[in-house]
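To be precise, the following lines are work-v7.txt, and they hold compact mmCIF, C-alpha atoms and all ligand atoms.
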```txt
# COMPACT_ATOMS: atom_id res chain seq x y z
CA MET A 1 0.00 0.00 0.00
CA ASN A 2 1.12 3.57 -0.69
CA LYS A 3 1.67 6.34 1.82
CA ILE A 4 -1.90 7.63 1.53
CA VAL A 5 -4.62 4.97 1.75
CA PHE A 6 -8.35 5.57 1.31
CA PHE A 7 -10.88 3.00 2.53
CA GLY A 8 -14.20 3.22 0.71
CA GLY A 9 -17.26 1.03 0.25
CA LYS A 10 -20.98 0.59 0.73
CA GLY A 11 -22.59 1.54 4.06
CA GLY A 12 -21.92 -0.92 6.86
CA VAL A 13 -19.47 -3.24 5.03
CA GLY A 14 -16.64 -2.61 7.51
CA LYS A 15 -14.71 0.47 6.28
CA THR A 16 -14.15 1.86 9.78
CA THR A 17 -13.22 -1.55 11.19
CA CYS A 18 -10.74 -2.29 8.40
CA SER A 19 -9.17 1.18 8.23
CA SER A 20 -8.72 1.24 12.03
CA SER A 21 -7.23 -2.22 12.06
CA PHE A 22 -4.88 -1.37 9.19
CA ALA A 23 -3.86 1.85 10.97
CA LEU A 24 -3.07 -0.09 14.16
CA SER A 25 -1.09 -2.61 12.16
CA CYS A 26 1.02 0.16 10.54
CA ALA A 27 1.57 1.85 13.91
CA ASN A 28 2.62 -1.48 15.46
CA LYS A 29 5.24 -1.90 12.77
CA GLY A 30 6.73 1.40 13.88
CA MET A 31 5.28 3.62 11.17
CA LYS A 32 4.09 7.01 12.32
CA THR A 33 0.44 6.80 11.30
CA LEU A 34 -2.45 9.25 11.03
CA LEU A 35 -6.02 7.92 10.84
CA VAL A 36 -8.49 10.45 9.44
CA SER A 37 -12.26 10.08 9.34
CA THR A 38 -14.10 12.01 6.61
CA ASP A 39 -17.45 10.42 7.46
CA PRO A 40 -19.83 12.97 9.05
CA ALA A 41 -21.10 10.08 11.20
CA HIS A 42 -17.65 9.56 12.73
CA SER A 43 -17.11 6.21 14.38
CA ILE A 44 -13.38 5.83 14.92
CA SER A 45 -13.95 7.36 18.39
CA ASP A 46 -16.37 4.49 19.08
CA ILE A 47 -13.93 1.81 17.94
CA PHE A 48 -11.04 3.23 19.96
CA GLU A 49 -13.35 4.22 22.83
CA THR A 50 -11.54 7.57 22.99
CA LYS A 51 -12.80 11.04 22.22
CA ILE A 52 -11.31 12.14 18.91
CA GLY A 53 -12.14 15.59 17.61
CA TYR A 54 -11.40 17.85 14.70
CA LYS A 55 -7.85 18.37 15.95
CA ILE A 56 -5.17 15.69 15.70
CA VAL A 57 -4.83 13.65 18.92
CA ASN A 58 -2.54 10.79 19.83
CA ILE A 59 -4.53 7.61 20.56
CA ARG A 60 -1.89 4.84 20.62
CA GLU A 61 1.86 4.55 20.26
CA ASN A 62 2.71 5.85 16.75
CA LEU A 63 -0.98 6.39 16.01
CA ASP A 64 -2.70 9.79 15.79
CA ALA A 65 -6.29 10.38 14.73
CA LEU A 66 -8.58 13.13 13.57
CA GLU A 67 -12.28 13.38 12.69
CA ILE A 68 -12.85 16.13 10.15
CA SER A 69 -15.83 18.27 11.13
CA SER A 70 -17.54 19.37 7.92
CA GLU A 71 -19.43 22.03 9.87
CA ILE A 72 -16.26 23.68 11.19
CA GLU A 73 -14.43 23.28 7.88
CA CYS A 74 -17.40 24.83 6.10
CA LYS A 75 -17.24 27.89 8.40
CA ASN A 76 -13.47 28.23 7.88
CA TYR A 77 -13.93 27.85 4.15
CA MET A 78 -16.57 30.59 4.02
CA ASN A 79 -14.39 32.90 6.13
CA ARG A 80 -11.52 32.37 3.68
CA VAL A 81 -13.82 33.28 0.79
CA LYS A 82 -15.01 36.41 2.63
CA ALA A 83 -11.43 37.45 3.45
CA ASN A 84 -10.47 37.05 -0.20
CA LEU A 85 -13.37 39.21 -1.28
CA LYS A 86 -12.38 42.16 0.88
CA ASN A 87 -9.58 43.01 -1.52
CA VAL A 88 -11.68 42.57 -4.61
CA VAL A 89 -15.05 44.24 -4.32
CA SER A 90 -15.97 47.72 -3.16
CA PRO A 91 -16.80 48.08 0.57
CA VAL A 92 -20.30 49.23 -0.38
CA ILE A 93 -21.34 45.82 -1.68
CA VAL A 94 -19.25 43.66 0.69
CA LYS A 95 -22.12 43.43 3.19
CA GLU A 96 -24.58 42.24 0.57
CA ILE A 97 -22.11 39.71 -0.83
CA LYS A 98 -21.35 38.37 2.64
CA LYS A 99 -25.05 37.72 3.14
CA GLN A 100 -25.09 35.75 -0.08
CA ILE A 101 -22.03 33.76 1.00
CA ASP A 102 -23.74 32.87 4.27
CA ALA A 103 -26.71 31.63 2.25
CA ALA A 104 -24.36 29.62 0.03
CA ALA A 105 -22.94 27.91 3.14
CA ILE A 106 -26.11 25.88 3.46
CA SER A 107 -26.41 25.09 -0.24
CA PRO A 108 -25.59 21.60 -1.54
CA GLY A 109 -21.97 20.94 -2.36
CA THR A 110 -20.40 23.55 -0.06
CA GLU A 111 -19.76 21.12 2.78
CA GLU A 112 -18.17 18.69 0.37
CA ALA A 113 -15.94 21.38 -1.12
CA ALA A 114 -14.83 22.38 2.40
CA LEU A 115 -14.25 18.75 3.38
CA PHE A 116 -12.25 18.15 0.22
CA ASP A 117 -10.06 21.22 0.86
CA LYS A 118 -9.32 19.96 4.36
CA MET A 119 -8.46 16.48 3.06
CA ILE A 120 -5.99 17.91 0.54
CA GLU A 121 -4.55 20.25 3.18
CA ILE A 122 -3.89 17.25 5.45
CA ILE A 123 -2.22 15.30 2.62
CA ILE A 124 0.00 18.27 1.69
CA ASP A 125 0.85 19.44 5.22
CA LYS A 126 1.22 16.09 6.97
CA SER A 127 2.91 13.90 4.34
CA GLU A 128 6.39 14.72 5.67
CA GLU A 129 5.49 14.11 9.30
CA TYR A 130 3.71 10.76 8.85
CA ASP A 131 4.72 7.48 7.18
CA LYS A 132 1.07 6.57 6.55
CA ILE A 133 -2.09 8.64 6.29
CA ILE A 134 -5.22 6.49 6.30
CA PHE A 135 -8.69 7.81 5.44
CA ASP A 136 -11.86 6.17 6.71
CA THR A 137 -14.56 7.49 4.40
CA ALA A 138 -18.35 7.77 4.30
CA PRO A 139 -20.41 5.31 2.20
CA THR A 140 -19.58 5.10 -1.52
CA GLY A 141 -21.77 7.81 -3.11
CA HIS A 142 -20.45 10.55 -0.83
CA THR A 143 -16.82 9.53 -1.32
CA VAL A 144 -17.04 9.08 -5.09
CA ARG A 145 -18.54 12.57 -5.34
CA LEU A 146 -15.77 13.92 -3.15
CA MET A 147 -13.06 12.35 -5.32
CA SER A 148 -14.63 13.74 -8.50
CA LEU A 149 -14.69 17.31 -7.15
CA PRO A 150 -11.35 18.52 -8.58
CA GLU A 151 -12.41 17.51 -12.08
CA LEU A 152 -15.89 19.05 -11.79
CA LEU A 153 -14.82 22.21 -9.96
CA GLY A 154 -11.83 22.59 -12.31
CA ALA A 155 -14.13 22.69 -15.34
CA TRP A 156 -16.53 25.05 -13.57
CA LEU A 157 -13.73 27.44 -12.50
CA ASN A 158 -12.40 27.45 -16.04
CA SER A 159 -15.77 28.54 -17.38
CA LEU A 160 -15.95 31.29 -14.71
CA ILE A 161 -12.49 32.55 -15.74
CA LEU A 162 -13.55 32.67 -19.40
CA LYS A 163 -16.78 34.50 -18.51
CA ARG A 164 -14.94 37.08 -16.41
CA LYS A 165 -12.43 37.63 -19.23
CA LYS A 166 -15.24 38.14 -21.74
CA ALA A 167 -17.01 40.61 -19.45
CA LEU A 168 -13.80 42.62 -18.90
CA GLU A 169 -13.04 42.67 -22.63
CA LEU A 170 -16.52 43.98 -23.42
CA MET A 171 -16.15 46.68 -20.75
CA GLN A 172 -12.74 47.70 -22.08
CA MET A 173 -13.98 47.83 -25.66
CA ALA A 174 -16.92 50.01 -24.64
CA GLN A 175 -14.65 52.39 -22.70
CA ASN A 176 -11.64 52.52 -25.08
CA ALA A 177 -13.24 52.68 -28.50
CA GLY A 178 -13.02 48.96 -29.26
CA LYS A 179 -9.51 48.38 -27.78
CA LYS A 180 -8.62 45.51 -25.42
CA ASN A 181 -5.97 45.69 -22.70
CA LYS A 182 -4.50 42.25 -22.03
CA ASP A 183 -2.37 43.31 -19.05
CA GLU A 184 -5.38 44.68 -17.25
CA ILE A 185 -7.22 41.40 -17.77
CA GLU A 186 -4.26 39.33 -16.52
CA ASN A 187 -4.02 41.51 -13.40
CA ASP A 188 -7.72 41.47 -12.59
CA ALA A 189 -8.14 40.48 -8.92
CA VAL A 190 -11.14 38.22 -9.57
CA ILE A 191 -9.34 36.33 -12.35
CA LYS A 192 -6.28 35.96 -10.09
CA ILE A 193 -8.38 34.39 -7.32
CA LEU A 194 -10.17 32.08 -9.75
CA LYS A 195 -6.86 31.04 -11.31
CA LYS A 196 -5.32 30.33 -7.92
CA ARG A 197 -8.30 28.15 -7.02
CA TYR A 198 -8.06 26.42 -10.40
CA ASP A 199 -4.33 25.73 -9.87
CA ASN A 200 -5.08 24.32 -6.39
CA MET A 201 -7.71 22.02 -7.91
CA GLN A 202 -5.19 20.81 -10.49
CA LYS A 203 -2.70 20.12 -7.69
CA ALA A 204 -5.39 18.22 -5.75
CA ARG A 205 -6.18 16.21 -8.86
CA ALA A 206 -2.52 15.37 -9.35
CA ILE A 207 -2.39 14.12 -5.75
CA ILE A 208 -5.48 11.91 -5.85
CA THR A 209 -4.58 10.41 -9.23
CA ASP A 210 -0.96 9.64 -8.29
CA ASN A 211 -0.92 5.85 -8.19
CA ASP A 212 2.51 5.82 -6.53
CA LYS A 213 1.39 7.91 -3.57
CA LEU A 214 -2.28 7.12 -3.05
CA SER A 215 -4.01 3.74 -2.82
CA PHE A 216 -7.76 3.38 -2.91
CA VAL A 217 -9.06 0.26 -1.20
CA PHE A 218 -12.65 -0.89 -1.48
CA VAL A 219 -14.23 -2.89 1.32
CA LEU A 220 -17.12 -5.16 0.43
CA ASN A 221 -18.97 -8.23 1.66
CA ALA A 222 -19.49 -11.36 -0.43
CA GLU A 223 -23.07 -10.42 -1.27
CA LYS A 224 -24.88 -9.26 -4.39
CA LEU A 225 -25.46 -5.56 -3.63
CA PRO A 226 -21.97 -4.64 -2.35
CA ILE A 227 -20.46 -6.37 -5.44
CA GLU A 228 -22.71 -4.37 -7.78
CA GLU A 229 -22.00 -1.10 -5.97
CA THR A 230 -18.25 -1.78 -6.01
CA LYS A 231 -18.28 -2.47 -9.76
CA LYS A 232 -20.00 0.86 -10.44
CA ALA A 233 -17.76 2.83 -8.09
CA VAL A 234 -14.54 1.28 -9.49
CA ASN A 235 -15.68 2.26 -13.00
CA ILE A 236 -16.53 5.83 -12.01
CA LEU A 237 -13.25 6.30 -10.15
CA ASP A 238 -11.43 4.84 -13.16
CA LYS A 239 -12.96 7.59 -15.31
CA TYR A 240 -11.45 10.14 -12.93
CA LYS A 241 -8.09 8.26 -13.20
CA ILE A 242 -8.26 7.09 -9.58
CA LYS A 243 -7.14 3.50 -9.51
CA VAL A 244 -8.64 1.07 -7.00
CA ASP A 245 -5.80 -1.40 -6.45
CA SER A 246 -7.09 -3.58 -3.62
CA LEU A 247 -10.35 -5.00 -2.36
CA ILE A 248 -11.10 -6.27 1.11
CA VAL A 249 -13.77 -8.95 1.32
CA ASN A 250 -14.86 -8.56 4.91
CA ARG A 251 -16.93 -10.78 7.21
CA ILE A 252 -16.21 -14.10 5.58
CA LEU A 253 -18.12 -16.89 7.35
CA PRO A 254 -16.17 -19.60 9.21
CA ASP A 255 -15.53 -22.96 7.44
CA ASP A 256 -16.66 -25.29 10.23
CA ILE A 257 -20.38 -24.72 9.95
CA LYS A 258 -22.88 -27.44 10.89
CA ASP A 259 -26.24 -25.70 10.79
CA GLU A 260 -28.12 -26.08 7.47
CA PHE A 261 -29.05 -22.39 7.26
CA TRP A 262 -25.40 -21.37 7.54
CA ILE A 263 -24.22 -24.14 5.20
CA ASN A 264 -26.46 -22.67 2.49
CA LYS A 265 -25.23 -19.18 3.30
CA LYS A 266 -21.64 -20.37 3.04
CA GLU A 267 -22.30 -21.90 -0.41
CA LEU A 268 -23.80 -18.64 -1.62
CA GLU A 269 -20.81 -16.81 -0.20
CA LYS A 270 -18.45 -19.07 -2.15
CA LYS A 271 -20.30 -18.24 -5.35
CA TYR A 272 -19.98 -14.51 -4.67
CA ILE A 273 -16.29 -14.79 -3.75
CA ASP A 274 -15.69 -16.52 -7.11
CA GLU A 275 -17.59 -13.70 -8.79
CA ILE A 276 -15.41 -11.12 -7.01
CA TYR A 277 -12.19 -12.84 -8.22
CA GLU A 278 -13.57 -13.05 -11.75
CA THR A 279 -14.88 -9.45 -11.89
CA PHE A 280 -11.89 -7.79 -10.28
CA LYS A 281 -9.08 -9.75 -11.89
CA GLY A 282 -5.70 -8.11 -11.38
CA LYS A 283 -6.62 -6.40 -8.12
CA LYS A 284 -5.18 -7.43 -4.79
CA ILE A 285 -7.87 -9.21 -2.76
CA ILE A 286 -7.64 -9.44 1.03
CA LYS A 287 -10.08 -11.71 2.85
CA ILE A 288 -11.11 -11.03 6.43
CA PRO A 289 -13.20 -13.42 8.52
CA MET A 290 -16.27 -12.59 10.49
CA LEU A 291 -15.39 -12.39 14.16
CA LYS A 292 -17.72 -13.32 17.01
CA GLN A 293 -17.57 -9.97 18.78
CA ASP A 294 -18.42 -6.42 17.84
CA MET A 295 -15.38 -4.54 16.65
CA ARG A 296 -13.51 -2.55 19.28
CA ALA A 297 -9.86 -1.54 19.64
CA ASN A 298 -9.04 -4.64 21.68
CA ASN A 299 -10.30 -7.10 19.06
CA ILE A 300 -9.58 -5.32 15.78
CA LYS A 301 -6.03 -6.38 16.64
CA GLU A 302 -7.12 -9.89 15.65
CA LEU A 303 -7.72 -8.62 12.12
CA MET A 304 -4.28 -7.05 11.77
CA VAL A 305 -2.66 -10.31 10.70
CA TYR A 306 -4.73 -10.29 7.52
CA PHE A 307 -3.07 -7.08 6.38
CA GLU A 308 0.39 -8.31 7.31
CA ASP A 309 0.53 -11.82 5.90
CA GLU A 310 1.21 -11.50 2.17
CA SER A 311 0.40 -15.19 1.62
CA ARG A 312 -3.22 -14.37 2.36
CA LEU A 313 -3.32 -12.00 -0.60
CA SER A 314 -4.16 -13.15 -4.07
N1 LIG T 1 -14.86 -8.83 10.41
C1 LIG T 1 -15.90 -8.50 11.18
N2 LIG T 1 -16.41 -9.42 12.05
C2 LIG T 1 -17.48 -9.11 12.84
N3 LIG T 1 -18.11 -7.93 12.83
C3 LIG T 1 -17.65 -6.98 11.98
C4 LIG T 1 -16.53 -7.21 11.12
N4 LIG T 1 -16.32 -6.09 10.39
C5 LIG T 1 -17.27 -5.21 10.79
N5 LIG T 1 -18.06 -5.73 11.74
C6 LIG T 1 -19.21 -5.06 12.40
O1 LIG T 1 -20.07 -4.57 11.39
C7 LIG T 1 -20.59 -3.30 11.74
C8 LIG T 1 -20.24 -2.29 10.65
O2 LIG T 1 -18.84 -2.13 10.60
P1 LIG T 1 -18.15 -0.71 10.31
O3 LIG T 1 -18.71 0.32 11.20
O4 LIG T 1 -16.69 -0.93 10.30
O5 LIG T 1 -18.70 -0.49 8.83
P2 LIG T 1 -18.62 0.84 7.95
O6 LIG T 1 -18.49 0.38 6.55
O7 LIG T 1 -17.59 1.74 8.49
O8 LIG T 1 -20.07 1.46 8.21
P3 LIG T 1 -20.58 2.94 7.80
O9 LIG T 1 -20.87 2.85 6.34
O10 LIG T 1 -21.79 3.12 8.63
O11 LIG T 1 -19.47 3.88 8.11
C9 LIG T 1 -20.01 -2.95 13.09
O12 LIG T 1 -20.94 -3.26 14.07
C10 LIG T 1 -18.79 -3.84 13.21
O13 LIG T 1 -18.53 -4.19 14.55
MG MG T 2 -17.72 3.80 9.07
```
Can you present the structure in this file as structure tokens?
Amino acid sequence: MNKIVFFGGKGGVGKTTCSSSFALSCANKGMKTLLVSTDPAHSISDIFETKIGYKIVNIRENLDALEISSEIECKNYMNRVKANLKNVVSPVIVKEIKKQIDAAAISPGTEEAALFDKMIEIIIDKSEEYDKIIFDTAPTGHTVRLMSLPELLGAWLNSLILKRKKALELMQMAQNAGKKNKDEIENDAVIKILKKRYDNMQKARAIITDNDKLSFVFVLNAEKLPIEETKKAVNILDKYKIKVDSLIVNRILPDDIKDEFWINKKELEKKYIDEIYETFKGKKIIKIPMLKQDMRANNIKELMVYFEDESRLS
């Protein structure tokens, strides 16, 4: 696995369990590890039975954790936008624009944009300090949308830059008898801000599509719906050049089953495992058994061996 590892997958398949167990395993090997939750319904605090907030805290030897608060990040994000504006628009309309920004804070997409900015900030600022940065994400749809943001926002920002340029050109032509002034357009404060944001999006895209730095792992169960959802998500991410290199098939039933109900379940499971191998040929597949207990810090240790023993991979 690369330095940055994302754990994604359908709701309830075991993303938090697997990412926490993998993080513990890395920390145990002596790697300085940071576990980050991007799921608004944070549950790494529950697994480690420790309060983890929106600031990095140490939870075990070599293991730090952080739960990104989209609410706080959204506020910070909006404040940054407001601060930027101060230098751009006249003080007379600042108040009105600020009102509109506050309204935008509750519009769809803003929380995701803020969350994404924070994620990229962590990757850029913390990559030197940590050997591994592991992300426990929210169920598939949310995460796939998040990963596609740089591409979508990049295209949108580009169209805004072009529109602003057109508007300035028209204004110049009206004022200077049909003449354009390229320097003035290049130095326009709004265009500068949009370009900076566009460049940051390109940088973010370069980071999340770098297959030597970032691994995307999908967790699934050997059942019909998680397989279907994984297929779709892998294809969408592929379109955005994000490669899913490993799959974790979690909660595999034990072999020594006597009860007829479970024997049938086990047979069905075998069929789905075969389908997973067939569908996702070429990807690393890690199998994790179903344990008797609920997952907590003291027993996710039992799962660590499955990340460490290469012979269990196929
Ligand atoms: N290998 C396992 N053996 C037994 N129970 C497991 C295993 N993996 C996960 N569980 C249990 O399944 C439930 C869901 O696991 P988890 O919270 O890790 O899933 P998730 O994918 O993070 O869910 P969400 O989409 O809600 O974030 C938990 O109660 C957990 O204890
Ligand atoms: Mg979870």
Quiz item: Mind listing the residues within 8 Å of ligand LIG 1 (chain T), all atoms listed in the file counted, as a VMD selection string?
Solution: chain A and resid 8 to 18 39 41 to 43 136 to 139 219 250 to 252 288 to 296 303
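Between ligand MG 2 (chain T) and the candidates A:Ile72, A:Ala114, A:Thr143, A:Ile122, the tightest atom-to-atom separation, counting only C-alpha atoms and all ligand atoms, involves A:Thr143.
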Self-check item: Distance of CA of His142 (chain A) from CA of Ile97 (chain A), expressed in Å to one decimal place
Solution: 29.2 Å
Quiz item: Closest to Tyr272 (chain A) among A:Leu160, A:Ile248, A:Cys26, A:Ala222, using only C-alpha atoms?
Solution: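 So, comparing all the options, the nearest one is A:Ala222.
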Quiz item: Of the candidates A:Ser127, A:Arg80, A:Tyr306, A:Asn299, which shows the shortest atom-to-atom distance to Ile47 (chain A), using all atoms listed in the file?
Solution: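 Of A:Ser127, A:Arg80, A:Tyr306, A:Asn299, the one nearest Ile47 (chain A), counting all atoms listed in the file, is A:Asn299.
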Exercise. Compile the contact shell of Arg164 (chain A) as a list in words: residues with an atom at most 12 Å away, counting all atoms listed in the file, same-chain residues fewer than 2 positions apart removed.
Key: Leu157, Asn158, Ser159, Leu160, Ile161, Leu162, Lys166, Ala167, Leu168, Glu169, Leu170, Met171, Ile185, Glu186, Asp188, Ala189, Val190, Ile191, Lys192, Ile193, Leu194 and Lys195 of chain A
Practice problem: Name the closest residue to ligand MG 2 (chain T) among the candidates A:Ser45, A:Ile285, A:Lys29, A:Leu34; distances are taken between atoms, counting all atoms listed in the file. | Solution: A:Ser45
Exercise. Figure out the distance between CA of Pro91 (chain A) and CA of Lys165 (chain A), please, to one decimal in Å.
Key: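 For CA of Lys165 (chain A) relative to CA of Pro91 (chain A), the distance reads 22.8 Å.
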Quiz prompt | Option closest in space to ligand MG 2 (chain T), from A:Phe7, A:Asn187, A:Ile56, A:Val144 [counting all atoms listed in the file] | solution = A:Phe7
Self-check item: Option closest in space to ligand MG 2 (chain T), from A:Glu269, A:Glu223, A:Glu121, A:Asp46 [counting all atoms listed in the file]
Solution: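 Of A:Glu269, A:Glu223, A:Glu121, A:Asp46, the one nearest ligand MG 2 (chain T), counting all atoms listed in the file, is A:Asp46.
Atom pair CA of Asp125 (chain A) / CA of Thr140 (chain A) has a distance of 25.9 Å (rounded to one decimal).
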Quiz item: What would the list of residues within 12 Å of (-1.9, 0.0, 13.5) (file frame) look like as a PyMOL selection string, if all atoms listed in the file are what count?
Solution: chain A and resi 17-35+48+59-65+131-134+297-298+300-305+307-308
Quiz item: Near Ile123 (chain A), within 9 Å and counting only C-alpha atoms, which residues show up once chain neighbours fewer than 5 positions away are dropped, as number ranges by chain?
Solution: A: 4, 118, 133, 207
Quiz item: Which polymer residues have any atom within 10 Å of an atom of Pro150 (chain A), counting all atoms listed in the file, with same-chain residues fewer than 4 positions away left out, as a PyMOL selection string?
Solution: chain A and resi 113+116-117+145-146+154-156+198+200-206+208+240
Exercise. Extract, using all atoms listed in the file, all DNA, RNA and protein residues at most 9 Å from Ser69 (chain A), discarding same-chain residues fewer than 2 positions from it, and format them as a list of chain:residue names.
Key: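 Counting all atoms listed in the file, the residues come to A:Thr38, A:Asp39, A:Pro40, A:Gly53, A:Tyr54, A:Glu67, A:Glu71, A:Ile72, A:Glu73, A:Cys74, A:Leu115.
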Practice problem: Could you give me, as a PyMOL selection string, the residues within 12 Å of Lys232 (chain A), counting all atoms listed in the file and dropping anything in the same chain fewer than 2 positions from it? | Solution: chain A and resi 9-10+140-141+144+218+225-230+234-239+244+279-280
